[in-house]
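S.K.: Below you will find the structure I want to go over with you.
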Amino acid sequence: MAIPLSLWGRAETLKMNVLPRLSHIISSIPLKFPPKWFKDIKSLFTQFLWNNKKPRIAYNKLIIPRSMGGLGVPDIYQYYLSFNAKYPLSWAYKSDFPIGSWQWLEQSIMPVNENISLSSMWYCPKTPPLLNNIIIQFSCFTVKQLHKRLSIEGLSLPSCPIWGKPLCRRTYPNIWQRAGIITVGR
């Protein structure tokens with residue numbers, strides 16, 4: 001039996017009933033979901049919104065916030081990136097992580113006495129060969145997707161190493177390392 005709801009009512013149902021359930025899944029443990037999963041969710045949302053009929057408005061227009069003329073239908077991939085960005089973001093602004101936290105685990109995986117730090121991953125989200133670890137790879141994937149989605153180039157965070165800064169790549173990082181200069185701003 002079809003639920004007698006308008007398009008607006010269906011959009012609100014997705015936001016109030018379905019989104020919290022999906023949010024719990026994608027925010028509990030940082031996992032890399034396959035792209036097909038997001039396509040399937042989008043397809044299910046579209047089927048629900050249009051009551052299994054042909055869509056009359058593009059999904060990309062439905063996800064626009066209501067204040068900008070859309071229906072504010074949740075974009076699950078955007079939520080996924082947002083929830084999982086908190087781990088790599090903490091790399092840039094914190095150095096002491098509670099034992100047992102996800103960030104502590106990532107920091108403990110980093111090789112000792114190498115010129116790699118978690119904060120430098122913001123500059124080159126491609127995982128270095130030394131770090132063939134699924135946990136770090138997922139966080140680097142998240143950073144890479146954020147860079148792409150938000151068109152970020154030349155990001156400058158205070159805790160990132162000097163030799164990772166895009167404007168300083170042409171200079172000689174070994175000079176800074178020998179002088180004991182590691183970060184800017186702290």
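Naming scheme: A, B, ... for chains in displayed order of the structure tokens; residues 1 onward per chain; ligands 1 onward as shown.
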At a cut-off of 9 Å, using only C-alpha atoms, what residues contact segment 56-62 of chain A? Leave out same-chain residues fewer than 6 positions from it and give the result as a VMD selection string.
M.R.: chain A and resid 11 42 46 50 69 to 75
S.K.: I'd like the interatomic distance between atom CA of Val143 of chain A and atom CA of Ser108 of chain A, to a tenth of an Å.
M.R.: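 About the pair atom CA of Val143 of chain A and atom CA of Ser108 of chain A: they are 19.2 Å apart.
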S.K.: Quick one: everything within 12 Å of Asn52 of chain A, counting only C-alpha atoms, minus sequence neighbours fewer than 6 positions away in the same chain. Send it as a list in words.
M.R.: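 So, after excluding close chain neighbours, the residues are Ala2, Ile3, Ser43, Leu44, Phe45 and Thr46 of chain A.
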S.K.: Within 10 Å of Phe83 of chain A, counting only C-alpha atoms, which residues show up once you throw out same-chain ones fewer than 6 positions away? Write them as a list in words, please.
M.R.: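 Final neighbour list, sorted by chain and number: Ser23, His24, Ile26, Ser27, Ser28, Ile29, Pro30, Tyr77 and Thr142 of chain A.
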S.K.: What's the separation between atom CA of Leu31 of chain A and atom CA of Leu49 of chain A, in Å to one decimal place?
M.R.: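 Between atom CA of Leu31 of chain A and atom CA of Leu49 of chain A the gap works out to 27.7 Å.
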S.K.: Considering only C-alpha atoms, state which residue in the set A:Asn51, A:Ser101, A:Ser90, A:Gln78 is at the smallest distance from Gln145 of chain A.
M.R.: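 Once distances to Gln145 of chain A are computed over only C-alpha atoms, the minimum belongs to A:Gln78.
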S.K.: Provide the atom CA of Arg21 of chain A to atom CA of Pro4 of chain A distance in Å, to one decimal place.
M.R.: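 Answer for the atom CA of Arg21 of chain A to atom CA of Pro4 of chain A separation: 22.5 Å.
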